[in-house]
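Peer 1: First the structure, which I've put down as structure tokens, then a few questions once you've had a look.
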Amino acid sequence: QVQLVESGGGAVQAGESLRLSCAASGSIFRINYMGWYRQAPGNQRELVALITSGGGANYGDSVKGRFTISRDNAKNTMYLQMNSLKPEDTAVYYCKANFAFVGDYWGQGTQVTVSS
């Protein structure tokens with residue numbers, strides 16, 4: 001059994017920054033790719049950023065240049081540094097990880113609210 005727990009969400013003003021964390025625990029052999037997704041009310045869940053086990057990253061167009069994804073493989077933890085936040089970044093942010101021999105798991109989500 002594996003588990004993902006997000007933290008670091010909150011309410012900020014436009015232009016400010018937040019750092020999200022996603023910690024994996026349980027019987028982990030290897031974590032392949034990890035990613036951040038977000039879902040705003042009335043919208044579909046969308047990809048924010050993905051990172052491979054080797055550190056290669058991809059970003060959604062709306063966050064390129066503002067968000068940075070990273071991971072610490074020794075700690076089984078992934079991060080999302082969010083700078084220059086905009087009101088349209090308001091959403092519940094979810095982490096997802098692909099575990100070897102287990103498959104995909106999602107975290108419970110953390111709320112990010114950006115006011116103008």
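Residues are referred to by chain and number: the chain letter is A, B, ... according to the order shown in the structure tokens, the number counts from 1 in that chain, and ligands are numbered separately from 1 in the order shown.
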Which residues come within 8 Å of segment 60-75 of chain A, counting only C-alpha atoms, excluding same-chain residues fewer than 5 positions away, as an mmCIF file with C-alpha atoms, in the first residue's frame?
Peer 2:
data_model
loop_
_atom_site.group_PDB
_atom_site.id
_atom_site.type_symbol
_atom_site.label_atom_id
_atom_site.label_comp_id
_atom_site.auth_asym_id
_atom_site.auth_seq_id
_atom_site.Cartn_x
_atom_site.Cartn_y
_atom_site.Cartn_z
ATOM 1 C CA ALA A 23 5.239 13.091 0.130
ATOM 2 C CA LEU A 47 -2.018 18.920 -15.952
ATOM 3 C CA VAL A 48 0.200 21.492 -14.268
ATOM 4 C CA ALA A 49 3.583 19.798 -14.439
ATOM 5 C CA LEU A 50 5.204 16.380 -14.731
ATOM 6 C CA ILE A 51 8.644 15.178 -13.683
ATOM 7 C CA SER A 53 12.575 9.916 -12.161
ATOM 8 C CA GLY A 55 14.347 15.002 -13.374
ATOM 9 C CA LEU A 80 5.892 22.658 -6.891
ATOM 10 C CA GLN A 81 7.262 26.167 -6.516
ATOM 11 C CA MET A 82 4.585 28.577 -7.692
ATOM 12 C CA ASN A 83 5.639 32.158 -8.330
ATOM 13 C CA SER A 84 3.758 35.149 -9.686
ATOM 14 C CA LEU A 85 0.466 33.549 -8.781
#
Peer 1: Which residues are close to Ala11 of chain A, i.e. within 10 Å by only C-alpha atoms, leaving aside same-chain residues fewer than 4 positions away? Reply as a ChimeraX atom specification.
Peer 2: /A:16,18,90,111-115
Peer 1: Which parts of chain A does DSSP call strand (DSSP E or B) when run on the backbone here, written out as a PyMOL selection string?
Peer 2: chain A and resi 2-7+10-13+18-26+31-39+46-51+57-59+67-72+77-82+91-99+103-106+110-115
Peer 1: Report as number ranges by chain all protein, DNA and RNA residues lying within 7 Å of Glu46 of chain A, evaluated on only C-alpha atoms, omitting residues in the same chain fewer than 6 positions from it.
Peer 2: A: 37-39
Peer 1: Could you dump the residues just selected with N, CA, C and O atoms as a compact mmCIF listing (two decimals), in the first residue's frame?
Peer 2:
# COMPACT_ATOMS: atom_id res chain seq x y z
N TYR A 37 -1.51 18.16 -10.79
CA TYR A 37 -2.69 18.49 -11.56
C TYR A 37 -3.52 19.45 -10.72
O TYR A 37 -3.34 19.54 -9.51
N ARG A 38 -4.43 20.14 -11.37
CA ARG A 38 -5.31 21.04 -10.63
C ARG A 38 -6.72 21.02 -11.22
O ARG A 38 -6.90 20.72 -12.40
N GLN A 39 -7.67 21.32 -10.37
CA GLN A 39 -9.06 21.35 -10.79
C GLN A 39 -9.77 22.51 -10.13
O GLN A 39 -9.85 22.57 -8.90
Peer 1: Let me make sure I understand: among A:Asn32, A:Ala91, A:Gly103, A:Met78, which one has the smallest atom-to-atom distance to Val5 of chain A if we use only C-alpha atoms?
Peer 2: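 So, comparing all the options, the nearest one is A:Met78.
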Peer 1: Which of chain A counts as helix (DSSP H, G or I) under DSSP, as a PyMOL selection string please?
Peer 2: chain A and resi 73-75+87-89
Peer 1: Please report the interatomic distance between atom CA of Gly8 of chain A and atom CA of Ile31 of chain A in Å with one decimal.
Peer 2: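 A separation of 21.4 Å between them.
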Peer 1: Looking at only C-alpha atoms, which of A:Ala14, A:Ala100, A:Val92, A:Ala24 is the one that sits closest to Pro41 of chain A?
Peer 2: A:Val92
Peer 1: If I take atom CA of Gly54 of chain A and atom CA of Asp89 of chain A, how far is one from the other in Å, to one decimal?
Peer 2: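 According to the coordinates, atom CA of Gly54 of chain A and atom CA of Asp89 of chain A are separated by 27.2 Å.
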Peer 1: For Gly35 of chain A, which residue among A:Val12, A:Val2, A:Cys22, A:Val102 is the nearest when counting only C-alpha atoms?
Peer 2: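 For Gly35 of chain A, the nearest of the candidates is A:Cys22.
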Peer 1: Between A:Thr52, A:Thr77, A:Tyr93, A:Tyr105, which residue has the minimum interatomic distance to Ser21 of chain A, considering only C-alpha atoms?
Peer 2: A:Thr77
Peer 1: Select, from A:Asn58, A:Gln1, A:Asn98, A:Thr110, the residue with the minimum atom-to-atom distance to Ser27 of chain A, counting only C-alpha atoms.
Peer 2: A:Gln1
Peer 1: Taking only C-alpha atoms into account, which of A:Gly42, A:Pro87, A:Gly56, A:Gly26 comes nearest Gln3 of chain A?
Peer 2: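 When distances to Gln3 of chain A are compared using only C-alpha atoms, the smallest one comes from A:Gly26.
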